[in-house]
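J.: CSV, C-alpha atoms, saved as structure_18.csv, coming up:
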```
chain,number,residue,atom,x,y,z
H,1,MET,CA,0.0,0.0,0.0
H,2,ALA,CA,1.5,3.3,-1.1
H,3,VAL,CA,1.9,6.1,1.5
H,4,THR,CA,0.1,9.3,0.5
H,5,PRO,CA,1.6,12.8,0.9
H,6,GLN,CA,-1.2,13.5,3.4
H,7,GLY,CA,-0.3,10.4,5.4
H,8,ILE,CA,3.4,11.4,5.4
H,9,GLU,CA,2.5,15.0,6.4
H,10,ALA,CA,0.4,13.7,9.3
H,11,LYS,CA,3.1,11.5,10.6
H,12,VAL,CA,5.8,14.2,10.2
H,13,ARG,CA,3.5,16.8,11.9
H,14,SER,CA,3.2,14.5,14.9
H,15,LEU,CA,7.0,14.1,15.1
H,16,ALA,CA,7.6,17.8,14.6
H,17,GLU,CA,5.2,18.8,17.3
H,18,ALA,CA,7.0,16.6,19.8
H,19,VAL,CA,10.4,18.1,18.9
H,20,THR,CA,9.2,21.8,18.9
H,21,GLU,CA,7.6,21.3,22.2
H,22,ARG,CA,10.7,19.8,23.7
H,23,LEU,CA,12.8,22.6,22.4
H,24,GLY,CA,10.4,25.3,23.6
H,25,PHE,CA,9.2,26.3,20.2
H,26,GLU,CA,5.7,26.4,18.6
H,27,LEU,CA,5.1,24.6,15.3
H,28,VAL,CA,3.2,27.3,13.4
H,29,ASP,CA,2.8,25.5,10.1
H,30,LEU,CA,4.2,22.5,8.1
H,31,GLU,CA,4.3,22.1,4.4
H,32,TYR,CA,5.2,18.9,2.5
H,33,ARG,CA,5.0,19.4,-1.2
H,34,ARG,CA,6.6,18.5,-4.5
H,35,GLU,CA,8.5,21.5,-6.0
H,36,PRO,CA,10.6,21.9,-9.1
H,37,ALA,CA,13.7,20.9,-7.2
H,38,GLY,CA,12.0,17.8,-5.7
H,39,TRP,CA,10.1,17.2,-2.4
H,40,THR,CA,10.4,19.8,0.3
H,41,LEU,CA,9.4,19.6,3.9
H,42,ARG,CA,9.1,23.1,5.3
H,43,LEU,CA,8.6,23.8,9.0
H,44,TYR,CA,7.6,27.2,10.4
H,45,ILE,CA,8.5,27.7,14.1
H,46,ASP,CA,8.1,30.5,16.5
H,47,LYS,CA,8.6,31.3,20.2
H,48,MET,CA,7.9,34.2,22.5
H,49,GLY,CA,10.2,37.1,21.3
H,50,GLY,CA,10.6,35.5,17.9
H,51,VAL,CA,13.0,33.0,16.4
H,52,GLY,CA,16.4,33.6,14.9
H,53,LEU,CA,18.8,31.8,12.7
H,54,GLN,CA,20.3,29.8,15.6
H,55,ASP,CA,16.9,28.6,16.6
H,56,CYS,CA,16.1,27.4,13.1
H,57,GLU,CA,19.5,25.7,12.9
H,58,ARG,CA,18.9,23.9,16.2
H,59,MET,CA,15.5,22.8,15.1
H,60,SER,CA,16.9,21.6,11.8
H,61,ARG,CA,19.6,19.5,13.5
H,62,GLU,CA,17.3,18.0,16.2
H,63,PHE,CA,14.4,17.3,13.8
H,64,GLY,CA,16.8,16.0,11.1
H,65,THR,CA,18.1,13.4,13.6
H,66,VAL,CA,14.5,12.3,14.4
H,67,LEU,CA,13.6,12.0,10.7
H,68,GLU,CA,16.7,9.8,10.1
H,69,VAL,CA,15.7,7.5,13.0
H,70,GLU,CA,11.9,7.4,12.3
H,71,ASP,CA,12.3,7.5,8.5
H,72,PRO,CA,8.7,8.6,7.7
H,73,ILE,CA,9.5,9.8,4.2
H,74,PRO,CA,10.3,7.1,1.7
H,75,HIS,CA,12.2,9.3,-0.8
H,76,ARG,CA,14.7,12.1,-0.9
H,77,PHE,CA,13.6,15.5,0.3
H,78,ASN,CA,14.9,18.9,1.4
H,79,LEU,CA,14.2,20.0,5.0
H,80,GLU,CA,13.7,23.8,5.6
H,81,VAL,CA,13.1,25.4,8.9
H,82,SER,CA,12.0,29.1,9.0
H,83,SER,CA,10.2,31.7,11.1
H,84,PRO,CA,6.6,32.3,10.1
H,85,GLY,CA,7.5,35.8,9.0
H,86,LEU,CA,5.5,39.0,9.2
H,87,ASN,CA,2.4,37.5,7.5
H,88,ARG,CA,2.1,34.6,9.9
H,89,PRO,CA,-0.3,31.9,8.9
H,90,LEU,CA,-3.3,31.4,11.2
H,91,GLY,CA,-4.7,27.9,11.6
H,92,LYS,CA,-5.5,26.9,15.2
H,93,ALA,CA,-8.2,28.5,17.3
H,94,SER,CA,-5.4,30.0,19.5
H,95,ASP,CA,-3.9,31.7,16.5
H,96,TYR,CA,-7.2,33.6,15.8
H,97,LEU,CA,-7.6,34.4,19.5
H,98,ALA,CA,-4.1,36.0,19.5
H,99,ALA,CA,-4.9,37.8,16.2
H,100,ASN,CA,-8.1,39.5,17.6
H,101,GLY,CA,-7.9,43.2,16.7
H,102,LYS,CA,-5.4,42.7,13.9
H,103,LEU,CA,-5.6,42.9,10.1
H,104,VAL,CA,-6.1,39.4,8.6
H,105,ARG,CA,-6.6,37.9,5.2
H,106,LEU,CA,-8.9,34.9,4.9
H,107,VAL,CA,-9.9,32.5,2.2
H,108,THR,CA,-13.0,30.4,2.8
H,109,ASN,CA,-13.8,26.9,1.6
H,110,GLN,CA,-17.0,28.0,-0.1
H,111,PRO,CA,-18.2,31.4,-1.3
H,112,PHE,CA,-19.6,33.4,1.6
H,113,ASP,CA,-21.5,36.6,0.9
H,114,GLY,CA,-20.6,36.0,-2.7
H,115,GLN,CA,-16.9,35.9,-2.2
H,116,ARG,CA,-14.1,33.6,-0.9
H,117,HIS,CA,-11.3,36.2,-0.2
H,118,PHE,CA,-11.6,38.6,2.7
H,119,THR,CA,-9.2,41.1,4.1
H,120,GLY,CA,-10.1,43.1,7.1
H,121,ARG,CA,-9.7,43.7,10.8
H,122,LEU,CA,-10.6,40.8,13.1
H,123,ILE,CA,-12.9,42.6,15.4
H,124,SER,CA,-14.4,39.8,17.4
H,125,VAL,CA,-13.5,36.1,18.1
H,126,GLN,CA,-16.3,34.3,19.8
H,127,PRO,CA,-15.7,30.7,21.0
H,128,ALA,CA,-18.8,28.5,20.5
H,129,GLY,CA,-18.1,24.9,21.4
H,130,ASP,CA,-15.3,23.5,19.3
H,131,SER,CA,-15.4,26.3,16.7
H,132,LEU,CA,-14.8,30.1,16.6
H,133,LEU,CA,-17.0,32.8,15.1
H,134,LEU,CA,-14.8,35.4,13.4
H,135,ARG,CA,-16.2,38.8,12.9
H,136,LEU,CA,-14.3,40.7,10.3
H,137,ARG,CA,-14.7,44.3,9.2
H,138,ASP,CA,-13.5,44.8,5.6
H,139,ASP,CA,-12.4,48.0,3.8
H,140,THR,CA,-16.0,49.1,3.2
H,141,GLY,CA,-16.8,48.8,6.9
H,142,LYS,CA,-19.1,45.8,6.2
H,143,GLU,CA,-18.9,43.1,8.9
H,144,HIS,CA,-18.8,39.4,8.0
H,145,GLU,CA,-19.4,36.6,10.5
H,146,ILE,CA,-17.3,33.6,9.4
H,147,GLY,CA,-17.0,30.3,11.3
H,148,LEU,CA,-13.5,28.9,11.8
H,149,GLY,CA,-14.7,25.7,10.0
H,150,GLN,CA,-15.4,27.8,6.9
H,151,VAL,CA,-11.8,29.1,6.7
H,152,ALA,CA,-9.5,27.3,4.3
H,153,LYS,CA,-6.5,29.7,4.8
H,154,GLY,CA,-5.8,32.6,7.2
H,155,ARG,CA,-2.9,34.9,7.5
H,156,LEU,CA,-2.0,38.0,9.5
H,157,VAL,CA,-1.4,41.1,7.3
H,158,TYR,CA,1.5,43.1,8.5
H,159,GLU,CA,0.7,46.7,9.1
H,160,TRP,CA,3.7,48.9,8.5
H,161,PRO,CA,4.1,51.6,11.2
H,162,ALA,CA,3.5,55.1,10.2
H,163,MET,CA,6.7,56.7,9.1
H,164,ALA,CA,8.0,59.8,10.9
H,165,PRO,CA,8.0,62.9,8.6
H,166,THR,CA,11.4,63.6,7.1
H,167,GLY,CA,13.0,66.4,5.1
H,168,ALA,CA,10.6,69.0,3.7
H,169,ALA,CA,7.7,67.8,5.8
H,170,ARG,CA,9.6,68.1,9.0
H,171,GLN,CA,10.9,71.6,8.0
H,172,GLU,CA,7.3,72.7,7.2
H,173,ARG,CA,6.1,71.5,10.7
H,174,LYS,CA,9.0,73.4,12.4
H,175,GLN,CA,8.1,76.6,10.4
H,176,GLY,CA,4.4,76.2,11.3
H,177,ARG,CA,5.3,76.0,15.0
H,178,ALA,CA,7.6,79.0,14.8
H,179,GLY,CA,4.9,81.1,13.2
H,180,ARG,CA,2.5,80.4,16.1
H,181,LYS,CA,4.8,81.7,18.8
```
What does the file become when written as structure tokens?

T.:
Amino acid sequence: MAVTPQGIEAKVRSLAEAVTERLGFELVDLEYRREPAGWTLRLYIDKMGGVGLQDCERMSREFGTVLEVEDPIPHRFNLEVSSPGLNRPLGKASDYLAANGKLVRLVTNQPFDGQRHFTGRLISVQPAGDSLLLRLRDDTGKEHEIGLGQVAKGRLVYEWPAMAPTGAARQERKQGRAGRK
């Protein structure tokens, strides 16, 4: 019986969660896919305060050893370990609870209010049993209530901080203040 990519991914996810927990990291996401250069297993890890290159190297060494011993992947592959980046993926209920009040991008499984792609501020996260109800306000100000079970993909949208005025704008402000004295 052939092992499916989904079966491999499930086994690898279980192994990765054990290693990340032992090392004090969080497994944010895992991808196992065929790419032009061959199969790639990509782990996204995080921890309080963020992860650095040394954290990724440590996870790669430790998890690489586990993969050699357990051998869940029957062919050659590349292992990559990375931080989730600024546009962190959202998947678990705890991810959405932590993202409350932030700008998010969601793709739903089925069209909802005539669309599948939503970008807006997550204004309310309401636990209801084993699911969450996400209330999202889009650019038009319209609110959408979307159940977590309806979300196929979710990501934070990084909001760049407002830049301090420089050059001519700063000079204009100074002159404006000087004229008011």

J.: If I take CA of Leu156 in chain H and CA of Pro111 in chain H, how far is one from the other in Å, to one decimal?

T.: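 A separation of 20.6 Å between them.
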
J.: Let me make sure I understand: among H:Leu41, H:Gln54, H:Pro5, H:Glu21, which one has the smallest atom-to-atom distance to Leu67 in chain H if we use all atoms listed in the file?

T.: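 The shortest atom-to-atom distance to Leu67 in chain H comes from H:Leu41.
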
J.: Find the residue from H:Phe77, H:Leu148, H:Trp39, H:Leu23 that sits nearest to Cys56 in chain H; use only C-alpha atoms when measuring.

T.: H:Leu23

J.: List the spatial neighbours of Leu53 in chain H as a PyMOL selection string - criterion: any atom at most 10 Å away, all atoms listed in the file, same-chain residues fewer than 4 positions off excluded.

T.: chain H and resi 57-59+81-83

J.: Using all atoms listed in the file, which of H:Gln6, H:Arg105, H:Ala93, H:Gln115 sits nearest Gly147 in chain H?

T.: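 Between H:Gln6, H:Arg105, H:Ala93, H:Gln115, the residue approaching Gly147 in chain H most closely is H:Ala93.
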
J.: If you count all atoms listed in the file, which residues fall within 12 Å of Ala152 in chain H, apart from same-chain ones fewer than 6 positions away, as a list of chain:residue names?

T.: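 Listed by chain and then number, they are H:Pro89, H:Leu90, H:Gly91, H:Lys92, H:Arg105, H:Leu106, H:Val107, H:Thr108, H:Asn109, H:Gln110, H:Pro111, H:Arg116, H:His117, H:Phe118, H:Ile146.
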
J.: Quick one, how far is CA of Val151 in chain H from CA of Asp95 in chain H?

T.: 12.9 Å

J.: Go ahead and compute the interatomic distance for CA of Gly120 in chain H and CA of Leu136 in chain H, in Å to one decimal.

T.: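 CA of Leu136 in chain H lies 5.8 Å from CA of Gly120 in chain H.
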
J.: Set the distance at 9 Å and use all atoms listed in the file: which residues neighbour Asp139 in chain H once local chain neighbours fewer than 3 positions away are removed? I'd like the list as a list in words.

T.: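 Final neighbour list, sorted by chain and number: Thr119, Gly120, Arg121 and Lys142 of chain H.
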
J.: With 10 Å as the threshold, what does the neighbourhood of (1.9, 13.1, 4.5) contain in terms of residues, counting only C-alpha atoms? Coordinates are those of the file; answer as a ChimeraX atom specification.

T.: /H:3-13,31-33,41,72-73

J.: Find the residue from H:Leu134, H:Trp160, H:Gly149, H:Phe25 that sits nearest to Met48 in chain H; use all atoms listed in the file when measuring.

T.: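 Distance minimum relative to Met48 in chain H lands on H:Phe25.
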
J.: Taking into account only C-alpha atoms, which residue in the set H:Val51, H:Arg42, H:Ile123, H:Phe112 is nearest to Leu97 in chain H?

T.: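 Ranking H:Val51, H:Arg42, H:Ile123, H:Phe112 by distance to Leu97 in chain H, first place goes to H:Ile123.
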
J.: Give me the residues within 10 Å of Val19 in chain H as a short mmCIF file (atom, residue, chain, number, x, y, z; two decimals) with C-alpha atoms, keeping the file's coordinate frame, counting all atoms listed in the file and dropping any in the same chain fewer than 5 places off.

T.:
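Output contents, as saved in selection.cif:
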```cif
data_model
loop_
_atom_site.label_atom_id
_atom_site.label_comp_id
_atom_site.auth_asym_id
_atom_site.auth_seq_id
_atom_site.Cartn_x
_atom_site.Cartn_y
_atom_site.Cartn_z
CA ARG H 13 3.50 16.80 11.90
CA SER H 14 3.20 14.50 14.90
CA GLY H 24 10.40 25.30 23.60
CA PHE H 25 9.20 26.30 20.20
CA GLU H 26 5.70 26.40 18.60
CA LEU H 27 5.10 24.60 15.30
CA MET H 59 15.50 22.80 15.10
CA GLU H 62 17.30 18.00 16.20
CA PHE H 63 14.40 17.30 13.80
CA VAL H 66 14.50 12.30 14.40
#
```

J.: Need to verify the contact set: Val157 in chain H, 6 Å, only C-alpha atoms, exclusion of same-chain residues closer than 6 positions in sequence. Can you return it as a list in words?

T.: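 Counting only C-alpha atoms, the residues come to Asn87, Leu103 and Val104 of chain H.
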
J.: Could I get range 124-160 of chain H rebuilt with N, CA and C atoms, written as a compact mmCIF listing (two decimals), keeping the file's coordinate frame?

T.:
```
# COMPACT_ATOMS: atom_id res chain seq x y z
N SER H 124 -13.78 40.55 16.37
CA SER H 124 -14.40 39.80 17.40
C SER H 124 -14.08 38.29 17.18
N VAL H 125 -13.67 37.59 18.21
CA VAL H 125 -13.50 36.10 18.10
C VAL H 125 -14.32 35.54 19.24
N GLN H 126 -15.35 34.83 18.84
CA GLN H 126 -16.30 34.30 19.80
C GLN H 126 -16.22 32.76 19.83
N PRO H 127 -15.71 32.18 20.94
CA PRO H 127 -15.70 30.70 21.00
C PRO H 127 -17.14 30.20 21.15
N ALA H 128 -17.43 29.16 20.40
CA ALA H 128 -18.80 28.50 20.50
C ALA H 128 -18.53 27.02 20.34
N GLY H 129 -18.38 26.33 21.44
CA GLY H 129 -18.10 24.90 21.40
C GLY H 129 -16.70 24.67 20.89
N ASP H 130 -16.58 23.85 19.84
CA ASP H 130 -15.30 23.50 19.30
C ASP H 130 -14.89 24.45 18.13
N SER H 131 -15.68 25.46 17.86
CA SER H 131 -15.40 26.30 16.70
C SER H 131 -15.31 27.78 17.19
N LEU H 132 -14.89 28.63 16.30
CA LEU H 132 -14.80 30.10 16.60
C LEU H 132 -15.68 30.78 15.55
N LEU H 133 -16.25 31.87 15.97
CA LEU H 133 -17.00 32.80 15.10
C LEU H 133 -16.08 33.98 14.92
N LEU H 134 -15.63 34.24 13.71
CA LEU H 134 -14.80 35.40 13.40
C LEU H 134 -15.60 36.51 12.87
N ARG H 135 -15.53 37.67 13.47
CA ARG H 135 -16.20 38.80 12.90
C ARG H 135 -15.16 39.72 12.33
N LEU H 136 -15.29 39.97 11.04
CA LEU H 136 -14.30 40.70 10.30
C LEU H 136 -14.90 41.94 9.68
N ARG H 137 -14.22 43.07 9.80
CA ARG H 137 -14.70 44.30 9.20
C ARG H 137 -13.79 44.58 7.99
N ASP H 138 -14.36 44.63 6.78
CA ASP H 138 -13.50 44.80 5.60
C ASP H 138 -13.35 46.33 5.31
N ASP H 139 -12.69 46.64 4.19
CA ASP H 139 -12.40 48.00 3.80
C ASP H 139 -13.62 48.91 3.68
N THR H 140 -14.75 48.30 3.35
CA THR H 140 -16.00 49.10 3.20
C THR H 140 -16.68 49.32 4.49
N GLY H 141 -16.21 48.68 5.56
CA GLY H 141 -16.80 48.80 6.90
C GLY H 141 -17.88 47.74 7.11
N LYS H 142 -18.14 46.91 6.10
CA LYS H 142 -19.10 45.80 6.20
C LYS H 142 -18.54 44.73 7.14
N GLU H 143 -19.38 44.18 8.00
CA GLU H 143 -18.90 43.10 8.90
C GLU H 143 -19.38 41.76 8.31
N HIS H 144 -18.51 40.77 8.42
CA HIS H 144 -18.80 39.40 8.00
C HIS H 144 -18.58 38.48 9.16
N GLU H 145 -19.52 37.61 9.42
CA GLU H 145 -19.40 36.60 10.50
C GLU H 145 -19.01 35.29 9.76
N ILE H 146 -17.84 34.75 10.09
CA ILE H 146 -17.30 33.60 9.40
C ILE H 146 -16.92 32.56 10.49
N GLY H 147 -17.41 31.35 10.40
CA GLY H 147 -17.00 30.30 11.30
C GLY H 147 -15.63 29.77 10.98
N LEU H 148 -14.87 29.39 11.99
CA LEU H 148 -13.50 28.90 11.80
C LEU H 148 -13.53 27.68 10.82
N GLY H 149 -14.55 26.86 10.90
CA GLY H 149 -14.70 25.70 10.00
C GLY H 149 -14.82 26.08 8.54
N GLN H 150 -15.21 27.32 8.28
CA GLN H 150 -15.40 27.80 6.90
C GLN H 150 -14.08 28.34 6.31
N VAL H 151 -13.04 28.50 7.14
CA VAL H 151 -11.80 29.10 6.70
C VAL H 151 -10.85 28.06 6.14
N ALA H 152 -10.44 28.22 4.87
CA ALA H 152 -9.50 27.30 4.30
C ALA H 152 -8.05 27.78 4.58
N LYS H 153 -7.83 29.10 4.55
CA LYS H 153 -6.50 29.70 4.80
C LYS H 153 -6.71 31.00 5.56
N GLY H 154 -5.81 31.28 6.48
CA GLY H 154 -5.80 32.60 7.20
C GLY H 154 -4.40 33.04 7.40
N ARG H 155 -4.19 34.34 7.32
CA ARG H 155 -2.90 34.90 7.50
C ARG H 155 -3.03 36.30 8.18
N LEU H 156 -2.05 36.65 9.01
CA LEU H 156 -2.00 38.00 9.50
C LEU H 156 -1.51 38.88 8.29
N VAL H 157 -1.90 40.12 8.27
CA VAL H 157 -1.40 41.10 7.30
C VAL H 157 -0.60 42.09 8.08
N TYR H 158 0.68 42.16 7.78
CA TYR H 158 1.50 43.10 8.50
C TYR H 158 1.19 44.51 8.21
N GLU H 159 1.05 45.31 9.25
CA GLU H 159 0.70 46.70 9.10
C GLU H 159 2.01 47.51 9.38
N TRP H 160 2.52 48.15 8.38
CA TRP H 160 3.70 48.90 8.50
C TRP H 160 3.45 50.14 9.42
```
